[in-house]
Amino acid sequence: MPDSPQSSTASGYPRIEFGAVREPDEQAGRQAVARQQQLTKPAGSLGRLEELSVWVAARQGTCPPRPFSRPRVVVFAGDHGVAADGVSAYPSEVTGQMVTNFLTGGAAVNALAANAGASVRVVDMAVNGDTSEVVAAHKVRRGSGAIDKDDALTTEQAHAAVTAGRTIADEEIDGGADLLVAGDMGIGNTTPSAVLIAALTANEPVAVVGRGTGIDDNAWMRKTTTIRDALRRARKVVDDPMALLRTAAGADIAALTGFLAQAALRRTPVVLDGVVVGAAAMVAEELAPGARQWWLAGHRSAEPGATMVLDHLDLAPVLELDMRLGEGSGALAALPLVTASVRVLDEMATFAEAGIGSPTEAESTAPSAEQRSEELF
Ligand SMILES: Cc1cc2ncn([C@H]3O[C@H](COP(=O)(O)O)[C@@H](O)[C@H]3O)c2cc1C
Ligand SMILES: O=C(O)c1cccnc1
């Protein structure tokens, strides 16, 4: 059963509690390293593919690891008040339209999920319009506040959104999901993401701002100004993750934060996507320290903030494909490689099984999987 998400504060207002994040299984990881050494290939010759299999074994707590039976993508959708400042190349209406596109299977996330053997769930946390009842069960509001002038959310809404993200993670894990992917959809959402990242990494607006959907130079200047103004407000609450979400995130990003933290608390591995999921991950690591051990960085998004997230969380991305879409697309592009790594460890014969001579000590000069995998536990 999930940990209880709440307890009451002295004021009677429910406070979100995150239990301690448990470590991955070091023994299963070490067994995976040892097994990689016995497989019929030169030691270390599958490079990072070997490391990925070790990562999975330690998260599943078993060696050899199991192929994922139910990888699941959850796309968190929501609009943002800052879109009215002209910080995106597209209008807010596209958010709701894309939610429909996800449901009818026409988006990049649908194609990439199908390719990776994953199924897709869409959640409307704050779309500025009506979506179907199926996706709006956790909706907190229509559009989050314009963070350069106002808070994104009220305290109650921030609480409700984080709790919704945790509930959704619980639902998915209880429904059999053994690998989660988090995705985002929300016109303007790279702006609050940049603010959160700049606040938590002490970077300046010009360093963190990115082109998002492909903005021109004028929009870039507007976006940088919006980030600057929002950052002034966010810096005041940078030491309080829930207040930071209320001030500078939005219901979609707050729900992503709860989702990522809860997955770690439930010992379920997650493949992270780009800058928006990364911003939520940084806040989730503040709320539930150690959660990062349960996350694999699917890729390095082209957004500058994404690299700050990777550095801050000390995560090495699987792919660098200059992707800048969101929706979970970068994570899903990486997932088939993670699956490949598991199949290698599961299905390859050992030297003993195949009757092939093991390497002599003199021959095995390549860096061992153990040397390269040490940091994975
Ligand atoms: C058709 C379309 C599909 C998308 N899928 C993801 N995004 C991505 O782009 C948006 C963030 O960039 P910005 O901050 O510049 O608005 C988000 O909706 C994000 O999920 C999309 C954007 C568009 C236009
Ligand atoms: O990195 C991302 O997730 C991203 C980049 C651009 C636009 N939307 C999302």
# chains A, B, ... in the order shown; residues from 1 in each chain; ligands from 1

$ residues_near_ligand --ligand "ligand 1" --cutoff "6 Å" --atoms "only C-alpha atoms and all ligand atoms" --output "ChimeraX atom specification"
/A:88-90,184-191,212-213,325-327

$ write_last_selection --atoms "N, CA and C atoms" --output "tab-separated table (two decimals), in the first residue's frame"
chain	number	residue	atom	x	y	z
A	88	SER	N	5.25	32.00	-26.21
A	88	SER	CA	5.26	30.76	-27.00
A	88	SER	C	5.01	31.08	-28.46
A	89	ALA	N	5.38	30.17	-29.34
A	89	ALA	CA	5.11	30.37	-30.77
A	89	ALA	C	3.68	29.95	-31.13
A	90	TYR	N	2.97	29.36	-30.17
A	90	TYR	CA	1.63	28.83	-30.45
A	90	TYR	C	0.63	29.38	-29.42
A	184	ASP	N	4.57	16.06	-20.61
A	184	ASP	CA	3.90	17.35	-20.39
A	184	ASP	C	3.23	17.82	-21.66
A	185	MET	N	2.16	18.59	-21.50
A	185	MET	CA	1.57	19.31	-22.63
A	185	MET	C	0.96	20.59	-22.10
A	186	GLY	N	1.46	21.72	-22.54
A	186	GLY	CA	0.89	22.98	-22.08
A	186	GLY	C	1.60	24.15	-22.72
A	187	ILE	N	0.90	24.83	-23.60
A	187	ILE	CA	1.52	25.99	-24.25
A	187	ILE	C	2.00	26.96	-23.17
A	188	GLY	N	3.24	27.40	-23.30
A	188	GLY	CA	3.85	28.32	-22.33
A	188	GLY	C	4.58	27.61	-21.20
A	189	ASN	N	4.53	26.28	-21.14
A	189	ASN	CA	5.06	25.62	-19.93
A	189	ASN	C	6.58	25.62	-19.82
A	190	THR	N	7.30	25.95	-20.89
A	190	THR	CA	8.77	26.04	-20.71
A	190	THR	C	9.15	27.30	-19.94
A	191	THR	N	8.20	28.26	-19.82
A	191	THR	CA	8.52	29.47	-19.03
A	191	THR	C	8.53	29.16	-17.52
A	212	GLY	N	11.81	27.01	-26.69
A	212	GLY	CA	10.53	26.32	-26.52
A	212	GLY	C	10.01	25.75	-27.82
A	213	THR	N	8.80	26.17	-28.20
A	213	THR	CA	8.18	25.71	-29.44
A	213	THR	C	8.84	26.29	-30.69
A	325	LEU	N	10.51	18.56	-27.73
A	325	LEU	CA	9.06	18.46	-27.89
A	325	LEU	C	8.31	18.37	-26.58
A	326	GLY	N	8.78	17.55	-25.65
A	326	GLY	CA	7.97	17.24	-24.47
A	326	GLY	C	7.05	16.07	-24.77
A	327	GLU	N	5.92	16.00	-24.08
A	327	GLU	CA	4.93	14.91	-24.21
A	327	GLU	C	5.48	13.57	-23.71

$ select_by_dssp --residues "range 3-214 of chain A" --states "alpha helix (DSSP H)" --output "VMD selection string"
chain A and resid 26 to 38 47 to 60 93 to 104 108 to 116 155 to 174 190 to 201 205 to 208

$ select_by_dssp --residues "range 7-51 of chain A" --states "strand (DSSP E)" --output "list of chain:residue names"
A:Ser7, A:Ser8, A:Pro14, A:Arg15, A:Ile16

$ closest_residue --among "A:Glu286, A:Glu347, A:Glu320, A:Glu204" --to "ligand 2" --atoms "only C-alpha atoms and all ligand atoms"
A:Glu320

$ closest_residue --among "A:Arg222, A:Arg235, A:Arg266, A:Arg211" --to "ligand 2" --atoms "only C-alpha atoms and all ligand atoms"
A:Arg211

$ closest_residue --among "A:Asn218, A:Thr95, A:Thr62, A:Asn101" --to "Met125 in chain A" --atoms "only C-alpha atoms"
A:Thr95

$ closest_residue --among "A:Met308, A:Val206, A:Ala161, A:Leu345" --to "Val33 in chain A" --atoms "only C-alpha atoms"
A:Leu345

$ closest_residue --among "A:Val318, A:Ile356, A:Ile215, A:Leu231" --to "ligand 2" --atoms "only C-alpha atoms and all ligand atoms"
A:Ile215

$ atom_distance --atom1 "CA of Leu196 in chain A" --atom2 "CA of His138 in chain A"
22.9 Å

$ atom_distance --atom1 "CA of Gly81 in chain A" --atom2 "CA of Ser144 in chain A"
5.7 Å

$ residues_around --residues "Ala251 in chain A" --least-positions-apart "3" --cutoff "10 Å" --atoms "only C-alpha atoms" --output "JSON, numbers by chain"
{"A": [76, 77, 78, 79, 80, 124, 125, 126, 127, 138, 139, 140, 141, 142, 143, 144, 145, 152, 153, 154, 157, 158, 159, 160, 161, 162, 164, 165, 245, 246, 254, 255, 256, 257]}

$ atom_distance --atom1 "CA of Pro91 in chain A" --atom2 "CA of Leu321 in chain A"
26.3 Å

$ closest_residue --among "A:Ala248, A:Asp239, A:Asp170, A:Asp217" --to "Ile147 in chain A" --atoms "only C-alpha atoms"
A:Ala248

$ residues_around --residues "Val208 in chain A" --least-positions-apart "3" --cutoff "6 Å" --atoms "only C-alpha atoms" --output "list of chain:residue names"
A:Ala194, A:Pro205, A:Pro304, A:Gly305

$ write_last_selection --atoms "N, CA and C atoms" --output "compact mmCIF listing (two decimals), in the first residue's frame"
# COMPACT_ATOMS: atom_id res chain seq x y z
N ALA A 194 11.55 27.09 -16.74
CA ALA A 194 12.81 27.85 -16.68
C ALA A 194 12.92 28.58 -15.34
N PRO A 205 18.11 34.44 -15.81
CA PRO A 205 17.13 34.22 -16.88
C PRO A 205 17.76 33.99 -18.25
N PRO A 304 18.16 24.87 -22.80
CA PRO A 304 19.32 24.99 -21.89
C PRO A 304 19.03 24.55 -20.46
N GLY A 305 17.81 24.79 -20.01
CA GLY A 305 17.46 24.39 -18.64
C GLY A 305 17.57 22.90 -18.42
